[in-house]
Amino acid sequence: MSADTASAMSFSARIREASWSRHQGLDPSAEADGKREPGLFDRLFDGSLSEADYTRWHAQQFFVYEAIEAAGDRLADDPVAGPFVFDELARLASIEADLKFLMGPKWRSGIEPLSSTRDYVDRITEAAAEPGGYIAHAYTRYLGDLSGGQAFGKAARRNYGFEDDGASFYVFSGIKGPKAFKDEYRSRLDAVDLPEDAKAALVDEILRAYDHNGAVLSELSANLGRNPFDPKVVAAICHHMNHDHAEDTLVICRGAGGRPEAASARMTGFDGEGADFAAAVDGGEVAIRVAWARPLTERAEVRPEIVRIFTESKERLEA
């Protein structure tokens, strides 16, 4: 886009034009040779996305909105970013309610950011040090939720029989007229008090937000249907290990996990092939993967395998 063309357009129109191709390709499910495999969005709309994989997607959004809304709280009184902080847009409480419904009261023990989600959250935190960075990430997510996100909520309610719980993330009860609200939001973008270089940076940051979101969807799509354990089961067992057997978890990470220097540890998840942990090492946290002795498919198989790994870890450390 030429400088003359950009100056002739409203800022909100400039954003829409610059991000349109990213928006169209948001669910990256095409192979390099052009053969298309159904991605997460495809499966949601055709009804083949399992409720478990829907839940895992929902869980990743928790971390993204936690970062955005922490930045919004910090910038609420900022003269530039403040006009884009709306209480009625906040999603975190709704995501928490949905995850409690989907995973049970111990849901927080059963979710962990994917590597792509960690990168996304880190970028939000870094970018939101400036008002334009916050605006870019808030605009990308919230206006998307008010637009295409409504179709996601409709599909979730249709596929899984949800009423409110499970898909309340997509319900904006404080916004009576979504079109009027989006028009007002865009008018604020058009009037935003930023110099041209900051506006250009804001547009670039929106494109980065799309790319990060696409990376999360890609990582999720690559693992659809691969975990035989329901997220509720994962949350319950992780909570049990972390609250009732914290010392055993640490022994596993020091022994089987190969981190004898770990100061503390927690179980972060598991699937049919192995268990995931996070251990505190040298003031940071490192991810640890411990394979099962054989593939597991049933909840009843998990406890004996954890006991085996703990016993072998203890023997290794005592040798």
# chains A, B, ... in the order shown; residues from 1 in each chain; ligands from 1
call {"tool": "residues_around", "arguments": {"residues": "Asp46 of chain A", "least_positions_apart": "4", "cutoff": "9 Å", "atoms": "only C-alpha atoms", "output": "mmCIF file with C-alpha atoms, in the first residue's frame"}}
result
data_model
loop_
_atom_site.group_PDB
_atom_site.id
_atom_site.type_symbol
_atom_site.label_atom_id
_atom_site.label_comp_id
_atom_site.auth_asym_id
_atom_site.auth_seq_id
_atom_site.Cartn_x
_atom_site.Cartn_y
_atom_site.Cartn_z
ATOM 1 C CA PHE A 41 -12.065 -24.645 12.613
ATOM 2 C CA ASP A 42 -13.028 -27.062 9.840
ATOM 3 C CA ALA A 155 -21.247 -24.367 16.395
ATOM 4 C CA ASN A 159 -22.230 -29.841 18.470
#
call {"tool": "closest_atom_pairs", "arguments": {"of": "segment 178-209 of chain A", "to": "segment 107-129 of chain A", "cutoff": "12 Å", "atoms": "only C-alpha atoms", "output": "tab-separated table"}}
result
residue	atom	partner	partner_atom	distance
A:Ala201	CA	A:Ala127	CA	10.1
A:Leu202	CA	A:Ala127	CA	9.5
A:Asp204	CA	A:Ala127	CA	11.0
A:Glu205	CA	A:Ala127	CA	7.8
A:Ile206	CA	A:Ala127	CA	10.5
A:Arg208	CA	A:Arg123	CA	8.7
A:Ala209	CA	A:Tyr120	CA	7.6
call {"tool": "residues_around", "arguments": {"residues": "Asp145 of chain A", "least_positions_apart": "6", "cutoff": "12 Å", "atoms": "only C-alpha atoms", "output": "list of chain:residue names"}}
result
A:Gln61, A:Tyr65, A:Leu89, A:Ala90, A:Arg91, A:Ala138, A:Tyr139, A:Ala151, A:Phe152, A:Gly153, A:Ala167, A:Ser168, A:Phe169, A:Tyr170, A:Val171, A:Phe172, A:Pro178, A:Lys182
call {"tool": "write_last_selection", "arguments": {"atoms": "N, CA and C atoms", "output": "PDB file, in the first residue's frame"}}
result
ATOM      1  N   GLN A  61      -6.844 -20.427  25.142  1.00  0.00           N
ATOM      2  CA  GLN A  61      -7.329 -19.048  25.110  1.00  0.00           C
ATOM      3  C   GLN A  61      -7.279 -18.405  26.497  1.00  0.00           C
ATOM      4  N   TYR A  65      -5.974 -14.472  26.994  1.00  0.00           N
ATOM      5  CA  TYR A  65      -6.792 -13.394  27.557  1.00  0.00           C
ATOM      6  C   TYR A  65      -6.313 -12.975  28.935  1.00  0.00           C
ATOM      7  N   LEU A  89     -16.099  -6.168  27.308  1.00  0.00           N
ATOM      8  CA  LEU A  89     -15.374  -7.073  26.414  1.00  0.00           C
ATOM      9  C   LEU A  89     -14.617  -8.159  27.173  1.00  0.00           C
ATOM     10  N   ALA A  90     -14.363  -7.965  28.449  1.00  0.00           N
ATOM     11  CA  ALA A  90     -13.511  -8.885  29.210  1.00  0.00           C
ATOM     12  C   ALA A  90     -14.018 -10.323  29.100  1.00  0.00           C
ATOM     13  N   ARG A  91     -13.110 -11.236  28.800  1.00  0.00           N
ATOM     14  CA  ARG A  91     -13.470 -12.642  28.546  1.00  0.00           C
ATOM     15  C   ARG A  91     -12.963 -13.605  29.604  1.00  0.00           C
ATOM     16  N   ALA A 138      -5.703  -6.276  21.590  1.00  0.00           N
ATOM     17  CA  ALA A 138      -7.100  -6.223  22.013  1.00  0.00           C
ATOM     18  C   ALA A 138      -8.033  -6.185  20.803  1.00  0.00           C
ATOM     19  N   TYR A 139      -7.717  -5.357  19.839  1.00  0.00           N
ATOM     20  CA  TYR A 139      -8.538  -5.269  18.624  1.00  0.00           C
ATOM     21  C   TYR A 139      -8.627  -6.623  17.927  1.00  0.00           C
ATOM     22  N   ALA A 151     -19.930 -17.325  15.342  1.00  0.00           N
ATOM     23  CA  ALA A 151     -20.188 -18.582  14.635  1.00  0.00           C
ATOM     24  C   ALA A 151     -19.560 -19.757  15.380  1.00  0.00           C
ATOM     25  N   PHE A 152     -18.398 -19.527  16.030  1.00  0.00           N
ATOM     26  CA  PHE A 152     -17.774 -20.581  16.822  1.00  0.00           C
ATOM     27  C   PHE A 152     -18.693 -20.982  17.979  1.00  0.00           C
ATOM     28  N   GLY A 153     -19.242 -19.979  18.663  1.00  0.00           N
ATOM     29  CA  GLY A 153     -20.136 -20.263  19.783  1.00  0.00           C
ATOM     30  C   GLY A 153     -21.376 -21.013  19.339  1.00  0.00           C
ATOM     31  N   ALA A 167     -19.803 -22.508  26.534  1.00  0.00           N
ATOM     32  CA  ALA A 167     -19.615 -21.569  25.422  1.00  0.00           C
ATOM     33  C   ALA A 167     -19.968 -20.145  25.842  1.00  0.00           C
ATOM     34  N   SER A 168     -19.922 -19.858  27.144  1.00  0.00           N
ATOM     35  CA  SER A 168     -20.247 -18.505  27.604  1.00  0.00           C
ATOM     36  C   SER A 168     -19.200 -17.494  27.171  1.00  0.00           C
ATOM     37  N   PHE A 169     -18.009 -17.993  26.810  1.00  0.00           N
ATOM     38  CA  PHE A 169     -16.955 -17.130  26.275  1.00  0.00           C
ATOM     39  C   PHE A 169     -17.449 -16.294  25.102  1.00  0.00           C
ATOM     40  N   TYR A 170     -18.368 -16.836  24.330  1.00  0.00           N
ATOM     41  CA  TYR A 170     -18.837 -16.161  23.121  1.00  0.00           C
ATOM     42  C   TYR A 170     -20.054 -15.266  23.367  1.00  0.00           C
ATOM     43  N   VAL A 171     -20.508 -15.187  24.617  1.00  0.00           N
ATOM     44  CA  VAL A 171     -21.692 -14.395  24.950  1.00  0.00           C
ATOM     45  C   VAL A 171     -21.253 -13.072  25.563  1.00  0.00           C
ATOM     46  N   PHE A 172     -21.613 -11.973  24.910  1.00  0.00           N
ATOM     47  CA  PHE A 172     -21.285 -10.628  25.397  1.00  0.00           C
ATOM     48  C   PHE A 172     -22.564 -10.001  25.939  1.00  0.00           C
ATOM     49  N   PRO A 178     -24.029  -5.495  18.861  1.00  0.00           N
ATOM     50  CA  PRO A 178     -22.649  -5.728  18.425  1.00  0.00           C
ATOM     51  C   PRO A 178     -22.205  -4.837  17.276  1.00  0.00           C
ATOM     52  N   LYS A 182     -19.068  -2.295  17.488  1.00  0.00           N
ATOM     53  CA  LYS A 182     -17.900  -2.390  16.601  1.00  0.00           C
ATOM     54  C   LYS A 182     -17.696  -1.089  15.825  1.00  0.00           C
TER      55      LYS A 182
END
call {"tool": "closest_residue", "arguments": {"among": "A:Ala300, A:Leu146, A:Ala256, A:Leu217", "to": "Glu88 of chain A", "atoms": "only C-alpha atoms"}}
result
A:Leu146
call {"tool": "select_by_dssp", "arguments": {"residues": "segment 5-236 of chain A", "states": "alpha helix (DSSP H)", "output": "VMD selection string"}}
result
chain A and resid 5 to 8 11 to 24 40 to 46 51 to 75 92 to 103 115 to 127 131 to 138 144 to 146 149 to 160 178 to 190 196 to 221 231 to 236
call {"tool": "residues_around", "arguments": {"residues": "segment 229-235 of chain A", "least_positions_apart": "2", "cutoff": "12 Å", "atoms": "only C-alpha atoms", "output": "mmCIF file with C-alpha atoms, in the first residue's frame"}}
result
data_model
loop_
_atom_site.group_PDB
_atom_site.id
_atom_site.type_symbol
_atom_site.label_atom_id
_atom_site.label_comp_id
_atom_site.auth_asym_id
_atom_site.auth_seq_id
_atom_site.Cartn_x
_atom_site.Cartn_y
_atom_site.Cartn_z
ATOM 1 C CA SER A 50 -14.366 -33.703 19.846
ATOM 2 C CA GLU A 51 -15.470 -31.934 22.985
ATOM 3 C CA ALA A 52 -12.075 -32.830 24.480
ATOM 4 C CA ASP A 53 -10.190 -31.035 21.704
ATOM 5 C CA TYR A 54 -12.609 -28.099 21.909
ATOM 6 C CA THR A 55 -11.754 -27.933 25.621
ATOM 7 C CA ARG A 56 -8.006 -27.985 24.912
ATOM 8 C CA TRP A 57 -8.470 -25.080 22.488
ATOM 9 C CA HIS A 58 -10.522 -23.186 25.075
ATOM 10 C CA ALA A 59 -7.769 -23.770 27.638
ATOM 11 C CA LEU A 99 -13.311 -24.483 31.884
ATOM 12 C CA LYS A 100 -14.810 -25.248 35.286
ATOM 13 C CA PHE A 101 -17.866 -26.654 33.496
ATOM 14 C CA LEU A 102 -15.780 -28.593 30.965
ATOM 15 C CA MET A 103 -13.038 -29.860 33.281
ATOM 16 C CA GLY A 104 -14.425 -29.681 36.791
ATOM 17 C CA PRO A 105 -13.359 -27.573 39.776
ATOM 18 C CA LYS A 106 -9.715 -28.661 39.458
ATOM 19 C CA TRP A 107 -9.454 -27.317 35.902
ATOM 20 C CA ARG A 108 -6.508 -25.034 36.603
ATOM 21 C CA SER A 109 -4.273 -28.012 37.403
ATOM 22 C CA GLY A 110 -5.020 -29.558 34.024
ATOM 23 C CA ILE A 111 -4.058 -26.782 31.635
ATOM 24 C CA GLU A 112 -0.647 -25.641 30.495
ATOM 25 C CA GLY A 225 -7.644 -36.697 18.530
ATOM 26 C CA ARG A 226 -4.261 -37.870 19.808
ATOM 27 C CA ASN A 227 -4.937 -37.744 23.540
ATOM 28 C CA ILE A 237 -4.935 -36.527 38.276
ATOM 29 C CA CYS A 238 -2.601 -33.531 37.916
ATOM 30 C CA HIS A 239 -4.321 -31.831 40.852
ATOM 31 C CA HIS A 240 -3.969 -34.979 42.941
ATOM 32 C CA MET A 241 -0.270 -35.327 42.121
ATOM 33 C CA ASN A 242 0.511 -31.664 42.722
ATOM 34 C CA HIS A 243 -1.441 -31.245 45.944
ATOM 35 C CA MET A 267 2.646 -32.393 36.810
ATOM 36 C CA THR A 268 1.223 -30.392 33.907
ATOM 37 C CA GLY A 269 -0.512 -33.030 31.800
ATOM 38 C CA PHE A 270 -0.351 -36.444 30.181
ATOM 39 C CA ASP A 271 -1.516 -38.375 27.151
ATOM 40 C CA GLY A 272 -1.353 -41.939 25.920
ATOM 41 C CA GLU A 273 2.411 -41.853 25.424
ATOM 42 C CA GLY A 274 3.700 -40.150 28.540
ATOM 43 C CA ALA A 275 3.426 -37.520 31.269
ATOM 44 C CA ASP A 276 4.510 -33.884 31.291
ATOM 45 C CA PRO A 295 0.764 -46.782 25.486
ATOM 46 C CA LEU A 296 -2.094 -46.091 27.909
ATOM 47 C CA THR A 297 -5.750 -45.583 27.047
ATOM 48 C CA GLU A 298 -7.663 -45.972 30.324
ATOM 49 C CA ARG A 299 -7.685 -43.882 33.501
ATOM 50 C CA ALA A 300 -7.124 -46.988 35.620
ATOM 51 C CA GLU A 301 -3.800 -47.576 33.873
ATOM 52 C CA VAL A 302 -2.318 -44.224 34.873
ATOM 53 C CA ARG A 303 -1.850 -44.727 38.612
#
call {"tool": "atom_distance", "arguments": {"atom1": "atom CA of Tyr185 of chain A", "atom2": "atom CA of Phe86 of chain A"}}
result
10.0 Å
call {"tool": "residues_around", "arguments": {"residues": "Leu207 of chain A", "least_positions_apart": "6", "cutoff": "8 Å", "atoms": "only C-alpha atoms", "output": "ChimeraX atom specification"}}
result
/A:18-19,22
call {"tool": "closest_residue", "arguments": {"among": "A:Leu189, A:Ala319, A:Ala93, A:Val251", "to": "Ala136 of chain A", "atoms": "only C-alpha atoms"}}
result
A:Leu189
call {"tool": "closest_residue", "arguments": {"among": "A:Asp248, A:Glu184, A:Glu96, A:Glu261", "to": "Lys314 of chain A", "atoms": "only C-alpha atoms"}}
result
A:Asp248
call {"tool": "atom_distance", "arguments": {"atom1": "atom CA of Arg14 of chain A", "atom2": "atom CA of Pro195 of chain A"}}
result
15.0 Å
call {"tool": "atom_distance", "arguments": {"atom1": "atom CA of Ala97 of chain A", "atom2": "atom CA of Phe63 of chain A"}}
result
14.2 Å
call {"tool": "closest_residue", "arguments": {"among": "A:Ser12, A:Ser147, A:Ser187, A:Gln24", "to": "Gly214 of chain A", "atoms": "only C-alpha atoms"}}
result
A:Gln24
call {"tool": "closest_residue", "arguments": {"among": "A:Ala222, A:Ala279, A:Val216, A:Ile95", "to": "Asp165 of chain A", "atoms": "only C-alpha atoms"}}
result
A:Ile95
call {"tool": "select_by_dssp", "arguments": {"residues": "segment 156-279 of chain A", "states": "strand (DSSP E)", "output": "list in words"}}
result
Ser264, Ala265, Arg266, Met267, Thr268, Gly269, Phe270, Gly274, Ala275, Asp276, Phe277, Ala278 and Ala279 of chain A
call {"tool": "write_last_selection", "arguments": {"atoms": "all heavy atoms", "output": "PDB file, in the first residue's frame"}}
result
ATOM      1  N   SER A 264      11.605 -27.961  42.996  1.00  0.00           N
ATOM      2  CA  SER A 264      10.195 -28.310  43.124  1.00  0.00           C
ATOM      3  C   SER A 264       9.709 -28.742  41.750  1.00  0.00           C
ATOM      4  O   SER A 264      10.414 -28.557  40.745  1.00  0.00           O
ATOM      5  CB  SER A 264       9.369 -27.127  43.649  1.00  0.00           C
ATOM      6  OG  SER A 264       9.426 -26.039  42.735  1.00  0.00           O
ATOM      7  N   ALA A 265       8.520 -29.308  41.714  1.00  0.00           N
ATOM      8  CA  ALA A 265       8.016 -29.791  40.426  1.00  0.00           C
ATOM      9  C   ALA A 265       6.507 -29.901  40.477  1.00  0.00           C
ATOM     10  O   ALA A 265       5.898 -29.970  41.550  1.00  0.00           O
ATOM     11  CB  ALA A 265       8.637 -31.145  40.089  1.00  0.00           C
ATOM     12  N   ARG A 266       5.910 -29.912  39.316  1.00  0.00           N
ATOM     13  CA  ARG A 266       4.471 -30.116  39.205  1.00  0.00           C
ATOM     14  C   ARG A 266       4.165 -30.895  37.936  1.00  0.00           C
ATOM     15  O   ARG A 266       4.892 -30.804  36.952  1.00  0.00           O
ATOM     16  CB  ARG A 266       3.714 -28.779  39.215  1.00  0.00           C
ATOM     17  CG  ARG A 266       4.100 -27.833  38.097  1.00  0.00           C
ATOM     18  CD  ARG A 266       3.522 -26.439  38.308  1.00  0.00           C
ATOM     19  NE  ARG A 266       3.963 -25.541  37.250  1.00  0.00           N
ATOM     20  CZ  ARG A 266       3.305 -25.359  36.104  1.00  0.00           C
ATOM     21  NH1 ARG A 266       2.163 -25.990  35.887  1.00  0.00           N
ATOM     22  NH2 ARG A 266       3.772 -24.541  35.180  1.00  0.00           N
ATOM     23  N   MET A 267       3.118 -31.678  37.985  1.00  0.00           N
ATOM     24  CA  MET A 267       2.646 -32.393  36.810  1.00  0.00           C
ATOM     25  C   MET A 267       1.750 -31.456  36.021  1.00  0.00           C
ATOM     26  O   MET A 267       0.854 -30.808  36.577  1.00  0.00           O
ATOM     27  CB  MET A 267       1.865 -33.640  37.237  1.00  0.00           C
ATOM     28  CG  MET A 267       1.538 -34.595  36.108  1.00  0.00           C
ATOM     29  SD  MET A 267       0.688 -36.070  36.747  1.00  0.00           S
ATOM     30  CE  MET A 267       0.860 -37.172  35.338  1.00  0.00           C
ATOM     31  N   THR A 268       1.972 -31.349  34.718  1.00  0.00           N
ATOM     32  CA  THR A 268       1.223 -30.392  33.907  1.00  0.00           C
ATOM     33  C   THR A 268       0.273 -31.047  32.907  1.00  0.00           C
ATOM     34  O   THR A 268      -0.544 -30.360  32.305  1.00  0.00           O
ATOM     35  CB  THR A 268       2.187 -29.477  33.131  1.00  0.00           C
ATOM     36  OG1 THR A 268       3.020 -30.284  32.277  1.00  0.00           O
ATOM     37  CG2 THR A 268       3.066 -28.676  34.090  1.00  0.00           C
ATOM     38  N   GLY A 269       0.375 -32.355  32.727  1.00  0.00           N
ATOM     39  CA  GLY A 269      -0.512 -33.030  31.800  1.00  0.00           C
ATOM     40  C   GLY A 269      -0.006 -34.414  31.457  1.00  0.00           C
ATOM     41  O   GLY A 269       1.085 -34.817  31.883  1.00  0.00           O
ATOM     42  N   PHE A 270      -0.789 -35.140  30.680  1.00  0.00           N
ATOM     43  CA  PHE A 270      -0.351 -36.444  30.181  1.00  0.00           C
ATOM     44  C   PHE A 270      -1.254 -36.862  29.033  1.00  0.00           C
ATOM     45  O   PHE A 270      -2.358 -36.336  28.847  1.00  0.00           O
ATOM     46  CB  PHE A 270      -0.345 -37.512  31.287  1.00  0.00           C
ATOM     47  CG  PHE A 270      -1.683 -37.765  31.924  1.00  0.00           C
ATOM     48  CD1 PHE A 270      -2.571 -38.701  31.401  1.00  0.00           C
ATOM     49  CD2 PHE A 270      -2.065 -37.081  33.068  1.00  0.00           C
ATOM     50  CE1 PHE A 270      -3.800 -38.940  31.988  1.00  0.00           C
ATOM     51  CE2 PHE A 270      -3.290 -37.302  33.660  1.00  0.00           C
ATOM     52  CZ  PHE A 270      -4.163 -38.237  33.119  1.00  0.00           C
ATOM     53  N   GLY A 274       2.861 -40.543  27.421  1.00  0.00           N
ATOM     54  CA  GLY A 274       3.700 -40.150  28.540  1.00  0.00           C
ATOM     55  C   GLY A 274       3.112 -39.010  29.341  1.00  0.00           C
ATOM     56  O   GLY A 274       2.009 -38.520  29.047  1.00  0.00           O
ATOM     57  N   ALA A 275       3.860 -38.586  30.371  1.00  0.00           N
ATOM     58  CA  ALA A 275       3.426 -37.520  31.269  1.00  0.00           C
ATOM     59  C   ALA A 275       4.346 -36.314  31.142  1.00  0.00           C
ATOM     60  O   ALA A 275       5.535 -36.445  30.859  1.00  0.00           O
ATOM     61  CB  ALA A 275       3.420 -38.017  32.711  1.00  0.00           C
ATOM     62  N   ASP A 276       3.770 -35.146  31.377  1.00  0.00           N
ATOM     63  CA  ASP A 276       4.510 -33.884  31.291  1.00  0.00           C
ATOM     64  C   ASP A 276       4.598 -33.237  32.668  1.00  0.00           C
ATOM     65  O   ASP A 276       3.629 -33.241  33.436  1.00  0.00           O
ATOM     66  CB  ASP A 276       3.826 -32.936  30.309  1.00  0.00           C
ATOM     67  CG  ASP A 276       3.822 -33.487  28.896  1.00  0.00           C
ATOM     68  OD1 ASP A 276       4.915 -33.752  28.373  1.00  0.00           O
ATOM     69  OD2 ASP A 276       2.727 -33.672  28.325  1.00  0.00           O
ATOM     70  N   PHE A 277       5.765 -32.669  32.930  1.00  0.00           N
ATOM     71  CA  PHE A 277       6.023 -32.015  34.208  1.00  0.00           C
ATOM     72  C   PHE A 277       6.731 -30.688  33.955  1.00  0.00           C
ATOM     73  O   PHE A 277       7.294 -30.458  32.886  1.00  0.00           O
ATOM     74  CB  PHE A 277       6.913 -32.898  35.093  1.00  0.00           C
ATOM     75  CG  PHE A 277       6.340 -34.253  35.396  1.00  0.00           C
ATOM     76  CD1 PHE A 277       6.538 -35.315  34.522  1.00  0.00           C
ATOM     77  CD2 PHE A 277       5.610 -34.463  36.544  1.00  0.00           C
ATOM     78  CE1 PHE A 277       6.012 -36.574  34.787  1.00  0.00           C
ATOM     79  CE2 PHE A 277       5.078 -35.722  36.832  1.00  0.00           C
ATOM     80  CZ  PHE A 277       5.282 -36.774  35.950  1.00  0.00           C
ATOM     81  N   ALA A 278       6.724 -29.835  34.973  1.00  0.00           N
ATOM     82  CA  ALA A 278       7.525 -28.611  34.963  1.00  0.00           C
ATOM     83  C   ALA A 278       8.310 -28.592  36.262  1.00  0.00           C
ATOM     84  O   ALA A 278       7.735 -28.749  37.347  1.00  0.00           O
ATOM     85  CB  ALA A 278       6.647 -27.376  34.846  1.00  0.00           C
ATOM     86  N   ALA A 279       9.612 -28.432  36.159  1.00  0.00           N
ATOM     87  CA  ALA A 279      10.476 -28.456  37.338  1.00  0.00           C
ATOM     88  C   ALA A 279      11.186 -27.116  37.501  1.00  0.00           C
ATOM     89  O   ALA A 279      11.610 -26.496  36.516  1.00  0.00           O
ATOM     90  CB  ALA A 279      11.504 -29.580  37.218  1.00  0.00           C
TER      91      ALA A 279
END
call {"tool": "closest_residue", "arguments": {"among": "A:Leu143, A:Glu219, A:Met9, A:Ser48", "to": "Lys179 of chain A", "atoms": "only C-alpha atoms"}}
result
A:Leu143
call {"tool": "decode", "arguments": {"residues": "segment 121-165 of chain A", "atoms": "C-alpha atoms", "output": "mmCIF file, in the first residue's frame"}}
result
data_model
loop_
_atom_site.group_PDB
_atom_site.id
_atom_site.type_symbol
_atom_site.label_atom_id
_atom_site.label_comp_id
_atom_site.auth_asym_id
_atom_site.auth_seq_id
_atom_site.Cartn_x
_atom_site.Cartn_y
_atom_site.Cartn_z
ATOM 1 C CA VAL A 121 1.681 -14.522 25.592
ATOM 2 C CA ASP A 122 5.285 -13.307 25.694
ATOM 3 C CA ARG A 123 4.611 -11.169 22.630
ATOM 4 C CA ILE A 124 1.449 -9.675 24.135
ATOM 5 C CA THR A 125 3.326 -8.799 27.323
ATOM 6 C CA GLU A 126 6.199 -7.245 25.398
ATOM 7 C CA ALA A 127 4.036 -5.334 22.924
ATOM 8 C CA ALA A 128 1.629 -4.034 25.564
ATOM 9 C CA ALA A 129 4.443 -2.079 27.166
ATOM 10 C CA GLU A 130 3.292 0.528 24.619
ATOM 11 C CA PRO A 131 -0.341 1.655 24.194
ATOM 12 C CA GLY A 132 -0.340 0.797 20.490
ATOM 13 C CA GLY A 133 0.741 -2.760 21.227
ATOM 14 C CA TYR A 134 -2.146 -3.268 23.626
ATOM 15 C CA ILE A 135 -4.613 -1.810 21.139
ATOM 16 C CA ALA A 136 -3.330 -4.146 18.416
ATOM 17 C CA HIS A 137 -3.802 -7.315 20.452
ATOM 18 C CA ALA A 138 -7.100 -6.223 22.013
ATOM 19 C CA TYR A 139 -8.538 -5.269 18.624
ATOM 20 C CA THR A 140 -7.463 -8.538 17.011
ATOM 21 C CA ARG A 141 -9.027 -10.736 19.659
ATOM 22 C CA TYR A 142 -12.087 -8.858 20.881
ATOM 23 C CA LEU A 143 -13.449 -7.700 17.548
ATOM 24 C CA GLY A 144 -12.803 -11.182 16.220
ATOM 25 C CA ASP A 145 -14.840 -12.601 19.107
ATOM 26 C CA LEU A 146 -17.692 -10.236 18.337
ATOM 27 C CA SER A 147 -17.586 -11.159 14.649
ATOM 28 C CA GLY A 148 -16.519 -14.636 13.484
ATOM 29 C CA GLY A 149 -16.339 -15.821 17.067
ATOM 30 C CA GLN A 150 -20.123 -15.794 17.222
ATOM 31 C CA ALA A 151 -20.188 -18.582 14.635
ATOM 32 C CA PHE A 152 -17.774 -20.581 16.822
ATOM 33 C CA GLY A 153 -20.136 -20.263 19.783
ATOM 34 C CA LYS A 154 -23.116 -21.299 17.676
ATOM 35 C CA ALA A 155 -21.247 -24.367 16.395
ATOM 36 C CA ALA A 156 -20.141 -25.338 19.922
ATOM 37 C CA ARG A 157 -23.685 -25.120 21.244
ATOM 38 C CA ARG A 158 -24.956 -27.176 18.304
ATOM 39 C CA ASN A 159 -22.230 -29.841 18.470
ATOM 40 C CA TYR A 160 -22.020 -30.390 22.212
ATOM 41 C CA GLY A 161 -25.496 -29.464 23.403
ATOM 42 C CA PHE A 162 -24.276 -26.505 25.432
ATOM 43 C CA GLU A 163 -26.710 -23.863 26.577
ATOM 44 C CA ASP A 164 -24.702 -21.208 28.372
ATOM 45 C CA ASP A 165 -21.986 -23.146 30.217
#
